[in-house]
$ cat target_18.txt   # compact mmCIF, C-alpha atoms and all ligand atoms
# COMPACT_ATOMS: atom_id res chain seq x y z
CA MET A 104 37.20 16.68 13.95
CA LYS A 105 36.18 13.01 13.82
CA VAL A 106 32.48 12.25 13.87
CA LEU A 107 31.04 8.79 14.47
CA VAL A 108 27.71 8.13 12.76
CA ILE A 109 25.55 5.38 14.26
CA ASN A 110 22.49 3.78 12.68
CA CYS A 111 20.78 1.17 14.88
CA GLY A 112 18.18 -1.26 13.57
CA SER A 113 16.36 -4.01 15.45
CA SER A 114 19.17 -6.51 14.90
CA SER A 115 21.96 -4.43 13.44
CA VAL A 116 24.27 -1.54 14.22
CA LYS A 117 25.88 0.31 11.29
CA TYR A 118 28.60 2.85 11.76
CA MET A 119 30.77 5.25 9.78
CA LEU A 120 33.63 7.42 10.98
CA PHE A 121 34.30 10.72 9.17
CA ASP A 122 37.09 13.23 9.32
CA MET A 123 35.02 16.39 8.98
CA ALA A 124 37.96 18.61 8.05
CA THR A 125 38.01 16.82 4.68
CA GLU A 126 34.61 15.08 4.90
CA LYS A 127 36.50 11.88 4.13
CA ARG A 128 35.09 8.60 5.34
CA LEU A 129 37.73 6.85 7.46
CA ALA A 130 35.90 3.63 8.29
CA LYS A 131 32.57 1.87 7.99
CA GLY A 132 31.05 -1.33 9.27
CA VAL A 133 27.98 -3.20 10.32
CA ILE A 134 27.18 -5.75 12.99
CA GLU A 135 24.27 -7.94 11.91
CA CYS A 136 22.18 -10.61 13.64
CA ILE A 137 22.59 -9.02 17.07
CA GLY A 138 21.45 -11.39 19.82
CA LEU A 139 21.83 -14.47 17.63
CA PRO A 140 24.66 -17.04 17.60
CA GLU A 141 25.39 -16.17 13.94
CA ALA A 142 26.11 -12.48 14.72
CA TYR A 143 28.90 -11.10 12.50
CA PHE A 144 30.84 -7.90 11.98
CA ASN A 145 31.74 -6.58 8.53
CA ASN A 146 34.28 -3.78 8.72
CA GLN A 147 36.25 -1.69 6.29
CA PHE A 148 38.90 0.91 6.96
CA THR A 149 39.08 3.22 3.95
CA GLY A 150 41.78 1.98 1.59
CA SER A 151 41.83 -1.55 3.07
CA GLU A 152 40.01 -4.77 2.28
CA GLU A 153 36.67 -5.44 3.95
CA THR A 154 36.90 -7.94 6.83
CA LYS A 155 34.16 -10.26 8.06
CA GLU A 156 34.25 -11.98 11.42
CA SER A 157 31.76 -13.63 13.69
CA CYS A 158 31.21 -11.84 16.97
CA LYS A 159 29.35 -12.14 20.25
CA ALA A 160 26.98 -9.19 20.33
CA LYS A 161 24.06 -9.81 22.66
CA ASN A 162 22.64 -6.30 22.36
CA HIS A 163 23.28 -2.78 21.05
CA ILE A 164 25.70 -1.81 23.78
CA GLU A 165 27.89 -4.86 23.15
CA SER A 166 27.80 -4.07 19.43
CA VAL A 167 28.95 -0.48 19.94
CA GLU A 168 31.66 -1.81 22.26
CA ILE A 169 32.91 -4.16 19.51
CA ILE A 170 32.94 -1.29 16.98
CA LEU A 171 34.91 0.99 19.31
CA LYS A 172 37.39 -1.80 20.04
CA LYS A 173 37.92 -2.23 16.32
CA LEU A 174 38.52 1.49 15.82
CA LEU A 175 41.04 1.44 18.68
CA ASP A 176 42.85 -1.67 17.39
CA PRO A 177 46.54 -0.60 17.34
CA ALA A 178 47.20 -2.82 14.30
CA ALA A 179 44.73 -0.75 12.25
CA GLY A 180 45.90 2.59 13.63
CA MET A 181 42.53 4.20 12.98
CA ILE A 182 42.33 6.08 16.28
CA LYS A 183 44.75 5.95 19.18
CA ASN A 184 42.46 7.27 21.83
CA ILE A 185 38.69 7.31 22.27
CA ASP A 186 38.92 11.11 22.86
CA GLU A 187 39.60 11.51 19.13
CA ILE A 188 35.88 10.94 18.53
CA ALA A 189 34.67 14.52 18.89
CA ALA A 190 30.96 13.87 18.34
CA VAL A 191 28.39 11.19 17.58
CA GLY A 192 25.48 11.54 15.14
CA HIS A 193 22.57 9.10 15.41
CA ARG A 194 20.09 8.35 12.66
CA VAL A 195 16.54 8.24 14.01
CA VAL A 196 13.76 7.24 11.63
CA HIS A 197 10.78 8.94 13.25
CA GLY A 198 10.71 12.24 15.09
CA GLY A 199 6.91 12.54 15.01
CA ASP A 200 5.79 16.16 15.11
CA LYS A 201 8.00 16.79 18.13
CA PHE A 202 11.23 17.22 16.18
CA ALA A 203 11.41 19.50 13.15
CA ASP A 204 15.21 19.58 13.08
CA SER A 205 18.29 17.71 14.25
CA VAL A 206 18.89 18.23 17.97
CA PRO A 207 21.69 17.80 20.49
CA ILE A 208 20.89 14.96 22.87
CA ASN A 209 19.85 15.84 26.39
CA GLU A 210 17.38 14.41 28.89
CA GLU A 211 14.44 16.25 27.36
CA VAL A 212 15.26 14.84 23.91
CA MET A 213 15.56 11.32 25.35
CA GLN A 214 12.11 11.76 26.90
CA GLY A 215 10.76 13.06 23.56
CA LEU A 216 12.19 10.00 21.79
CA LYS A 217 10.45 7.73 24.29
CA GLU A 218 7.20 9.47 23.42
CA CYS A 219 7.83 8.52 19.75
CA PHE A 220 7.98 4.77 20.58
CA ASP A 221 4.27 4.29 19.85
CA ILE A 222 4.43 5.97 16.47
CA ALA A 223 7.42 3.91 15.20
CA PRO A 224 7.60 0.83 17.45
CA LEU A 225 9.83 -1.07 15.01
CA HIS A 226 12.50 1.61 14.93
CA THR A 227 12.64 4.13 17.77
CA PRO A 228 13.29 1.73 20.69
CA HIS A 229 16.38 0.43 18.85
CA HIS A 230 17.66 3.93 18.10
CA TYR A 231 17.09 4.74 21.75
CA ALA A 232 19.12 1.68 22.81
CA GLY A 233 21.93 2.79 20.49
CA ILE A 234 22.00 6.25 22.03
CA GLU A 235 22.08 4.78 25.53
CA ALA A 236 25.02 2.62 24.42
CA THR A 237 27.12 5.50 23.08
CA GLN A 238 26.21 7.69 26.05
CA LYS A 239 27.59 5.02 28.32
CA LEU A 240 30.67 4.11 26.28
CA LEU A 241 31.54 7.63 25.06
CA SER A 242 30.50 9.49 28.15
CA GLY A 243 30.87 13.25 27.79
CA VAL A 244 31.09 13.20 23.97
CA PRO A 245 28.41 15.48 22.47
CA GLU A 246 25.74 13.61 20.52
CA VAL A 247 23.12 14.68 18.01
CA VAL A 248 20.01 12.94 16.66
CA VAL A 249 19.16 13.41 13.01
CA PHE A 250 15.61 12.46 12.02
CA ASP A 251 14.45 10.98 8.70
CA THR A 252 11.21 12.88 9.19
CA ALA A 253 12.63 16.34 10.05
CA PHE A 254 13.19 17.49 6.45
CA HIS A 255 9.47 16.98 5.76
CA GLN A 256 8.27 19.19 8.61
CA THR A 257 7.94 22.05 6.09
CA ILE A 258 5.11 20.24 4.26
CA PRO A 259 1.96 22.40 4.50
CA ASP A 260 -1.03 21.14 6.52
CA TYR A 261 -3.26 20.53 3.47
CA ALA A 262 -0.61 18.10 2.19
CA TYR A 263 0.27 16.34 5.44
CA MET A 264 -3.29 15.85 6.73
CA TYR A 265 -5.36 12.76 5.92
CA ALA A 266 -9.06 13.38 5.36
CA LEU A 267 -9.97 11.37 8.47
CA PRO A 268 -11.81 12.69 11.53
CA TYR A 269 -9.69 15.56 12.84
CA ALA A 270 -9.65 14.01 16.31
CA LEU A 271 -7.31 11.26 15.05
CA TYR A 272 -4.74 13.93 14.30
CA GLU A 273 -5.28 15.67 17.63
CA LYS A 274 -5.34 12.53 19.77
CA PHE A 275 -3.00 10.16 17.97
CA HIS A 276 -0.91 12.49 15.77
CA ILE A 277 -2.04 10.64 12.64
CA ARG A 278 -0.71 12.63 9.69
CA ARG A 279 1.87 12.34 6.91
CA TYR A 280 5.44 12.53 8.23
CA GLY A 281 7.53 11.36 5.29
CA PHE A 282 10.87 9.53 5.46
CA HIS A 283 14.31 9.36 3.77
CA GLY A 284 14.50 13.08 4.65
CA THR A 285 18.28 13.09 5.06
CA SER A 286 18.69 11.60 1.60
CA HIS A 287 16.19 13.94 -0.11
CA LYS A 288 17.82 16.95 1.54
CA TYR A 289 21.33 15.85 0.56
CA VAL A 290 20.55 15.18 -3.10
CA ALA A 291 18.52 18.40 -3.43
CA GLN A 292 21.53 20.37 -2.19
CA ARG A 293 23.84 18.53 -4.59
CA ALA A 294 21.40 18.99 -7.49
CA ALA A 295 21.38 22.77 -6.99
CA LYS A 296 25.18 22.66 -7.23
CA LEU A 297 24.99 20.55 -10.40
CA LEU A 298 22.44 22.97 -11.89
CA LYS A 299 24.62 25.91 -10.82
CA LYS A 300 21.59 27.58 -9.22
CA PRO A 301 21.07 28.83 -5.67
CA LEU A 302 19.15 26.13 -3.78
CA GLN A 303 16.42 28.61 -2.80
CA ASP A 304 15.66 29.19 -6.51
CA THR A 305 15.28 25.52 -7.45
CA LYS A 306 12.19 23.35 -7.91
CA LEU A 307 13.13 19.68 -7.78
CA ILE A 308 11.63 16.23 -7.63
CA THR A 309 13.90 13.85 -5.74
CA CYS A 310 13.37 10.11 -6.25
CA HIS A 311 14.92 7.90 -3.56
CA LEU A 312 14.50 4.43 -5.07
CA GLY A 313 16.06 1.65 -2.99
CA ASN A 314 14.52 -1.21 -1.04
CA GLY A 315 12.31 1.51 0.39
CA CYS A 316 11.21 4.13 -2.12
CA SER A 317 9.94 7.68 -1.81
CA ILE A 318 9.57 10.73 -4.03
CA THR A 319 9.62 14.29 -2.70
CA ALA A 320 8.65 17.68 -4.14
CA VAL A 321 11.36 20.12 -3.04
CA GLN A 322 10.86 23.86 -3.44
CA GLY A 323 13.76 26.15 -2.60
CA GLY A 324 15.47 23.33 -0.69
CA LYS A 325 12.34 22.61 1.41
CA SER A 326 10.12 19.55 1.23
CA ILE A 327 6.56 20.51 0.28
CA ASP A 328 5.16 17.01 -0.29
CA THR A 329 6.38 13.44 -0.17
CA SER A 330 5.03 10.03 -1.07
CA MET A 331 5.62 8.21 2.24
CA GLY A 332 3.11 8.96 4.94
CA PHE A 333 2.38 8.17 8.57
CA THR A 334 4.73 5.23 8.10
CA PRO A 335 7.18 4.27 5.32
CA LEU A 336 4.48 2.04 3.77
CA GLU A 337 2.60 4.63 1.74
CA GLY A 338 3.35 5.75 -1.79
CA LEU A 339 5.46 3.93 -4.32
CA VAL A 340 5.68 0.22 -5.09
CA MET A 341 8.77 -0.95 -3.16
CA GLY A 342 10.86 -4.11 -2.77
CA THR A 343 8.41 -5.80 -0.41
CA ARG A 344 6.02 -2.96 0.52
CA CYS A 345 2.78 -2.30 -1.35
CA GLY A 346 2.69 1.51 -1.26
CA ASP A 347 -0.69 3.12 -2.04
CA ILE A 348 -3.72 0.85 -1.85
CA ASP A 349 -7.40 1.38 -1.21
CA PRO A 350 -7.67 1.25 2.64
CA ALA A 351 -10.95 -0.63 2.28
CA ILE A 352 -8.91 -3.65 1.14
CA ILE A 353 -7.57 -3.87 4.70
CA VAL A 354 -11.05 -3.79 6.21
CA ASN A 355 -12.16 -6.41 3.73
CA LEU A 356 -9.24 -8.72 4.58
CA LEU A 357 -9.82 -8.32 8.33
CA ASP A 358 -13.57 -8.90 8.00
CA HIS A 359 -13.77 -11.70 5.53
CA HIS A 360 -10.49 -13.54 5.40
CA GLU A 361 -9.71 -14.24 9.06
CA ILE A 362 -6.42 -12.49 8.81
CA THR A 363 -4.87 -11.11 12.01
CA PRO A 364 -3.51 -7.55 12.21
CA GLU A 365 -0.02 -9.01 12.64
CA THR A 366 -0.26 -11.17 9.51
CA LEU A 367 -1.71 -8.22 7.65
CA ASN A 368 1.21 -6.06 8.70
CA THR A 369 3.65 -8.67 7.39
CA LEU A 370 1.66 -9.02 4.17
CA LEU A 371 1.71 -5.28 3.46
CA ASN A 372 5.32 -4.66 4.51
CA LYS A 373 7.17 -7.86 3.68
CA LYS A 374 5.14 -9.85 1.15
CA SER A 375 4.03 -7.17 -1.28
CA GLY A 376 5.69 -4.83 -3.78
CA LEU A 377 8.09 -6.29 -6.36
CA TYR A 378 8.20 -9.50 -4.34
CA GLY A 379 4.45 -9.86 -4.01
CA ILE A 380 3.75 -9.32 -7.69
CA SER A 381 6.67 -11.24 -9.19
CA GLY A 382 6.57 -14.02 -6.57
CA LEU A 383 10.34 -14.10 -6.93
CA SER A 384 12.17 -11.45 -4.96
CA GLY A 385 12.07 -7.92 -3.59
CA ASP A 386 15.47 -7.33 -5.15
CA LEU A 387 15.05 -5.43 -8.39
CA ARG A 388 18.05 -7.07 -10.08
CA THR A 389 16.45 -10.52 -9.76
CA VAL A 390 13.10 -9.21 -11.00
CA LEU A 391 14.65 -7.40 -13.98
CA LYS A 392 16.57 -10.53 -14.97
CA ALA A 393 13.42 -12.64 -14.83
CA ALA A 394 11.47 -10.05 -16.84
CA ALA A 395 14.19 -10.02 -19.50
CA SER A 396 13.92 -13.79 -19.82
CA GLY A 397 10.18 -13.64 -20.41
CA ASN A 398 8.65 -13.99 -16.91
CA ASP A 399 5.38 -12.06 -17.26
CA ARG A 400 4.78 -11.44 -13.55
CA ALA A 401 8.28 -10.02 -13.24
CA ARG A 402 7.48 -7.77 -16.24
CA LEU A 403 4.27 -6.69 -14.51
CA ALA A 404 6.11 -5.90 -11.24
CA VAL A 405 8.60 -3.68 -13.09
CA ASP A 406 5.84 -1.96 -15.07
CA MET A 407 3.85 -1.25 -11.88
CA PHE A 408 6.95 0.06 -10.10
CA CYS A 409 7.72 2.51 -12.91
CA TYR A 410 4.12 3.55 -13.54
CA ARG A 411 3.62 4.48 -9.87
CA ALA A 412 6.88 6.47 -9.87
CA LYS A 413 5.77 8.27 -13.04
CA LYS A 414 2.39 9.14 -11.45
CA TYR A 415 4.12 10.75 -8.46
CA ILE A 416 6.62 12.60 -10.65
CA SER A 417 3.80 13.98 -12.82
CA SER A 418 1.66 15.02 -9.89
CA TYR A 419 4.58 16.79 -8.19
CA ILE A 420 5.26 18.73 -11.40
CA GLY A 421 1.75 20.10 -10.85
CA VAL A 422 2.35 20.68 -7.13
CA LEU A 423 5.54 22.63 -7.90
CA ASN A 424 4.06 24.41 -10.95
CA GLY A 425 6.95 23.25 -13.15
CA ILE A 426 10.39 21.96 -12.20
CA ASP A 427 14.08 22.50 -12.91
CA GLY A 428 15.19 18.96 -12.30
CA ILE A 429 14.48 15.37 -11.33
CA VAL A 430 17.01 13.49 -9.22
CA PHE A 431 17.38 9.71 -9.06
CA THR A 432 19.20 8.25 -6.05
CA ALA A 433 19.69 5.11 -3.87
CA GLY A 434 20.31 1.52 -5.05
CA ILE A 435 17.75 1.49 -7.86
CA GLY A 436 17.80 5.19 -8.72
CA GLU A 437 21.59 5.23 -9.01
CA ASN A 438 22.04 1.92 -10.79
CA SER A 439 19.09 1.07 -13.00
CA PRO A 440 18.88 2.82 -16.39
CA THR A 441 15.79 0.73 -17.19
CA ILE A 442 13.82 2.06 -14.23
CA ARG A 443 14.93 5.67 -14.81
CA GLU A 444 13.94 5.45 -18.45
CA LYS A 445 10.55 3.89 -17.81
CA ALA A 446 9.73 6.30 -14.96
CA CYS A 447 10.37 9.25 -17.32
CA GLN A 448 8.78 7.67 -20.40
CA GLY A 449 6.02 9.68 -22.07
CA LEU A 450 6.71 12.86 -20.09
CA GLN A 451 8.23 14.77 -23.04
CA ASN A 452 5.27 17.15 -23.00
CA MET A 453 6.32 18.11 -19.48
CA GLY A 454 9.83 18.96 -20.69
CA ILE A 455 11.39 15.68 -19.58
CA GLU A 456 13.70 14.09 -22.13
CA ILE A 457 16.17 11.46 -21.07
CA ASP A 458 19.35 10.93 -23.14
CA PRO A 459 19.59 7.14 -23.68
CA GLU A 460 23.36 7.20 -24.02
CA ALA A 461 23.93 9.25 -20.85
CA ASN A 462 21.33 7.17 -19.01
CA ASN A 463 23.02 3.90 -19.94
CA GLY A 464 26.53 5.10 -19.11
CA VAL A 465 28.07 3.38 -16.08
CA SER A 466 29.43 5.78 -13.49
CA SER A 467 29.24 6.31 -9.78
CA ASP A 468 29.60 10.10 -10.17
CA GLU A 469 26.91 12.75 -9.98
CA ARG A 470 25.73 13.33 -13.53
CA VAL A 471 23.07 14.76 -15.86
CA ILE A 472 21.29 12.15 -18.00
CA SER A 473 18.80 14.36 -19.89
CA THR A 474 19.32 15.57 -23.46
CA ALA A 475 21.11 18.89 -23.94
CA HIS A 476 17.84 20.64 -24.87
CA SER A 477 15.60 19.00 -22.24
CA PRO A 478 14.02 21.88 -20.25
CA VAL A 479 14.05 19.68 -17.15
CA LYS A 480 17.45 18.32 -16.15
CA ILE A 481 17.41 14.69 -15.10
CA MET A 482 20.21 13.83 -12.70
CA VAL A 483 21.71 10.79 -10.99
CA ILE A 484 23.17 11.72 -7.62
CA PRO A 485 24.53 9.05 -5.27
CA THR A 486 23.02 9.60 -1.85
CA ASN A 487 25.18 9.92 1.23
CA GLU A 488 22.92 9.86 4.27
CA GLU A 489 25.78 9.16 6.69
CA LEU A 490 27.82 12.15 5.53
CA MET A 491 24.69 14.28 5.83
CA ILE A 492 24.21 13.04 9.41
CA ALA A 493 27.86 13.87 10.18
CA ARG A 494 27.37 17.35 8.66
CA GLU A 495 24.17 17.89 10.63
CA THR A 496 26.00 16.81 13.80
CA VAL A 497 28.70 19.43 13.22
CA ARG A 498 26.12 22.09 12.28
CA VAL A 499 23.99 21.50 15.37
CA LEU A 500 26.96 21.40 17.75
CA THR A 501 28.64 24.48 16.33
CA ASN A 502 25.35 26.43 16.50
CA ALA A 503 24.52 25.15 19.96
P1 LIG A 601 19.22 0.29 -1.35
O1 LIG A 601 18.08 0.03 -0.39
O2 LIG A 601 19.44 1.74 -1.62
O3 LIG A 601 20.48 -0.45 -0.96
O4 LIG A 601 18.78 -0.35 -2.77
C1 LIG A 601 18.55 -1.73 -2.94
C2 LIG A 601 17.90 -1.97 -4.29
O5 LIG A 601 18.77 -1.48 -5.32
C3 LIG A 601 17.64 -3.44 -4.59
O6 LIG A 601 16.35 -3.60 -5.15
C4 LIG A 601 18.68 -3.76 -5.63
O7 LIG A 601 18.25 -4.77 -6.52
C5 LIG A 601 18.79 -2.44 -6.37
N1 LIG A 601 20.03 -2.36 -7.15
C6 LIG A 601 21.30 -2.27 -6.69
N2 LIG A 601 22.17 -2.30 -7.73
C7 LIG A 601 21.43 -2.40 -8.87
C8 LIG A 601 21.72 -2.48 -10.26
N3 LIG A 601 22.97 -2.45 -10.70
N4 LIG A 601 20.68 -2.58 -11.11
C9 LIG A 601 19.41 -2.62 -10.69
N5 LIG A 601 19.07 -2.54 -9.39
C10 LIG A 601 20.05 -2.44 -8.49

$ encode --input "target_18.txt" --output "structure tokens" --more "lines below"
Ligand code: AMP
Amino acid sequence: MKVLVINCGSSSVKYMLFDMATEKRLAKGVIECIGLPEAYFNNQFTGSEETKESCKAKNHIESVEIILKKLLDPAAGMIKNIDEIAAVGHRVVHGGDKFADSVPINEEVMQGLKECFDIAPLHTPHHYAGIEATQKLLSGVPEVVVFDTAFHQTIPDYAYMYALPYALYEKFHIRRYGFHGTSHKYVAQRAAKLLKKPLQDTKLITCHLGNGCSITAVQGGKSIDTSMGFTPLEGLVMGTRCGDIDPAIIVNLLDHHEITPETLNTLLNKKSGLYGISGLSGDLRTVLKAAASGNDRARLAVDMFCYRAKKYISSYIGVLNGIDGIVFTAGIGENSPTIREKACQGLQNMGIEIDPEANNGVSSDERVISTAHSPVKIMVIPTNEELMIARETVRVLTNA
């Protein structure tokens, strides 16, 4: 069974094609700069070189059309007939409190997605456009939406509510939703395997550290708290996002500094975090390099990033009343020994002891990087959100 996974952004469409009998990825690609003259298509069939070509993609439907044409290209021999695509799984960032699980797409779900436009205006309309595109081009093929927020729907009310007037929750659904759910769920499942424990008996802290960063407390395979909130802005210091700040700073800026809500939004989401502090970049590699060569603001950005991560890890140890393991994943979590070490530094009293040699070892495999006697196992587990979406698609359709 071949499953196509689609992830639509405002100006990009990413895809992966999986053979679910083996869970092998057959192809992946991305069309960027949709609607612009410089639109291009990067594609890779597993086992072949990556190709890059410019393309004319005015919108999401044209982008999906280009992807399907590529998959059907007889020279590549990836698929002979469009019917070979048995199902499509769509990543959707925000399911609000309407969707607590992945769902097969039907008219009611499409209506529910429309009702989520307000809550995630930067994401949901583009996901919606992507679904409309595949529905048109792959008519009759069953489709499933998989939400970044769904995994966090098990968070109890005292953890997802903000201490604001209750009416804001009732009228505008303002509450913590959490994000990166597919990734947290995937690595928690893999960690249980690595620990050789049933998932329902594990207590884990999963750290998804990429351009966006979030940390989740996972009890028995269920999210019970997470650092991102109503939007993906809350919580950790990120590439260009500020994470937790005193909300009165926003009022102060609006009142006294003639800043518009739009500029403020850009400031908090695009001009803050590692970039805002270092003044250099939101890319950790650049910031680490600058810190190593003596740039003090780069040093400060890295220290703040790790300190905030450590605060969340420590507080979730309390929330979970002790843990079996900590998982690091995503671009930074998988690749930066420095960040992993600093985020775990000084937590020996909580049973967290990193093994410097294992931590510094270069590998793209799932691995344990704590010392042999560390009560808490520290793990690096590469995330695989697209495979998880493909799995969810199969699960939902076979249960339907
Ligand atoms: P992601 O959003 O998961 O693609 O992660 C992107 C982040 O991972 C960027 O901040 C990159 O600088 C960071 N990253 C990727 N590779 C490395 C590496 N080898 N060392 C440090 N950071 C890395």

$ closest_residue --input "target_18.txt" --among "A:Phe144, A:Tyr415, A:Phe275, A:Phe408" --to "ligand LIG 601 (chain A)" --atoms "only C-alpha atoms and all ligand atoms"
A:Phe408

$ atom_distance --input "target_18.txt" --atom1 "CA of Asn184 (chain A)" --atom2 "CA of Val499 (chain A)"
24.2 Å

$ residues_around --input "target_18.txt" --residues "region 428-435 of chain A" --least-positions-apart "6" --cutoff "7 Å" --atoms "all atoms listed in the file" --output "list in words"
Lys306, Leu307, Ile308, Thr309, Cys310, His311, Leu312, Gly313, Val479, Lys480, Ile481, Met482, Val483, Ile484, Pro485 and Thr486 of chain A

$ atom_distance --input "target_18.txt" --atom1 "CA of Ile426 (chain A)" --atom2 "CA of Tyr261 (chain A)"
20.8 Å

$ residues_near_ligand --input "target_18.txt" --ligand "ligand LIG 601 (chain A)" --cutoff "9 Å" --atoms "all atoms listed in the file" --output "PyMOL selection string"
chain A and resi 311-316+341-342+377+384-391+432-442+486

$ closest_residue --input "target_18.txt" --among "A:Lys299, A:Gly454, A:Ala291, A:Val133" --to "Ala475 (chain A)" --atoms "only C-alpha atoms"
A:Gly454

$ atom_distance --input "target_18.txt" --atom1 "CA of Pro350 (chain A)" --atom2 "CA of Leu336 (chain A)"
12.2 Å

$ residues_around --input "target_18.txt" --residues "Lys201 (chain A)" --least-positions-apart "6" --cutoff "10 Å" --atoms "only C-alpha atoms" --output "ChimeraX atom specification"
/A:212,215-216,218-219,253,256

$ residues_around --input "target_18.txt" --residues "Thr125 (chain A)" --least-positions-apart "6" --cutoff "12 Å" --atoms "all atoms listed in the file" --output "list in words"
Met104, Lys105, Val106, Leu490, Ala493 and Arg494 of chain A

$ closest_residue --input "target_18.txt" --among "A:Lys172, A:His283, A:His193, A:His226" --to "Gly332 (chain A)" --atoms "all atoms listed in the file"
A:His283

$ closest_residue --input "target_18.txt" --among "A:Tyr289, A:Phe282, A:Phe121, A:Tyr263" --to "Glu187 (chain A)" --atoms "all atoms listed in the file"
A:Phe121

$ residues_around --input "target_18.txt" --residues "Asn424 (chain A)" --least-positions-apart "4" --cutoff "12 Å" --atoms "only C-alpha atoms" --output "MDAnalysis selection string"
chainID A and resid 305:308 320:322 417:420 453

$ build_atoms --input "target_18.txt" --residues "region 139-144 of chain A" --atoms "all heavy atoms" --output "CSV table (one decimal), in the coordinates of the input"
chain,number,residue,atom,x,y,z
A,139,LEU,N,21.9,-13.1,18.1
A,139,LEU,CA,21.8,-14.5,17.6
A,139,LEU,C,23.2,-15.1,17.6
A,139,LEU,O,24.2,-14.4,17.5
A,139,LEU,CB,21.2,-14.5,16.2
A,139,LEU,CG,19.8,-14.0,16.1
A,139,LEU,CD1,19.4,-13.9,14.6
A,139,LEU,CD2,18.9,-14.9,16.8
A,140,PRO,N,23.3,-16.4,17.6
A,140,PRO,CA,24.7,-17.0,17.6
A,140,PRO,C,25.4,-16.7,16.3
A,140,PRO,O,26.7,-16.7,16.3
A,140,PRO,CB,24.4,-18.5,17.7
A,140,PRO,CG,22.9,-18.7,18.0
A,140,PRO,CD,22.2,-17.4,17.7
A,141,GLU,N,24.7,-16.4,15.2
A,141,GLU,CA,25.4,-16.2,13.9
A,141,GLU,C,25.8,-14.7,13.8
A,141,GLU,O,26.1,-14.3,12.6
A,141,GLU,CB,24.6,-16.7,12.8
A,141,GLU,CG,23.2,-16.1,12.6
A,141,GLU,CD,22.1,-16.9,13.3
A,141,GLU,OE1,22.4,-17.5,14.3
A,141,GLU,OE2,20.9,-16.9,12.8
A,142,ALA,N,25.7,-13.9,14.8
A,142,ALA,CA,26.1,-12.5,14.7
A,142,ALA,C,27.5,-12.3,14.1
A,142,ALA,O,28.4,-13.1,14.3
A,142,ALA,CB,26.1,-11.8,16.1
A,143,TYR,N,27.6,-11.3,13.2
A,143,TYR,CA,28.9,-11.1,12.5
A,143,TYR,C,29.1,-9.6,12.3
A,143,TYR,O,28.2,-8.8,12.4
A,143,TYR,CB,29.0,-11.8,11.2
A,143,TYR,CG,28.0,-11.3,10.1
A,143,TYR,CD1,28.3,-10.3,9.2
A,143,TYR,CD2,26.7,-11.9,10.1
A,143,TYR,CE1,27.4,-9.9,8.3
A,143,TYR,CE2,25.8,-11.4,9.1
A,143,TYR,CZ,26.1,-10.4,8.2
A,143,TYR,OH,25.3,-10.0,7.3
A,144,PHE,N,30.4,-9.3,12.1
A,144,PHE,CA,30.8,-7.9,12.0
A,144,PHE,C,31.6,-7.7,10.7
A,144,PHE,O,32.6,-8.3,10.5
A,144,PHE,CB,31.7,-7.6,13.2
A,144,PHE,CG,32.3,-6.2,13.3
A,144,PHE,CD1,31.7,-5.1,12.6
A,144,PHE,CD2,33.4,-5.9,14.1
A,144,PHE,CE1,32.2,-3.8,12.6
A,144,PHE,CE2,33.9,-4.6,14.2
A,144,PHE,CZ,33.3,-3.6,13.4
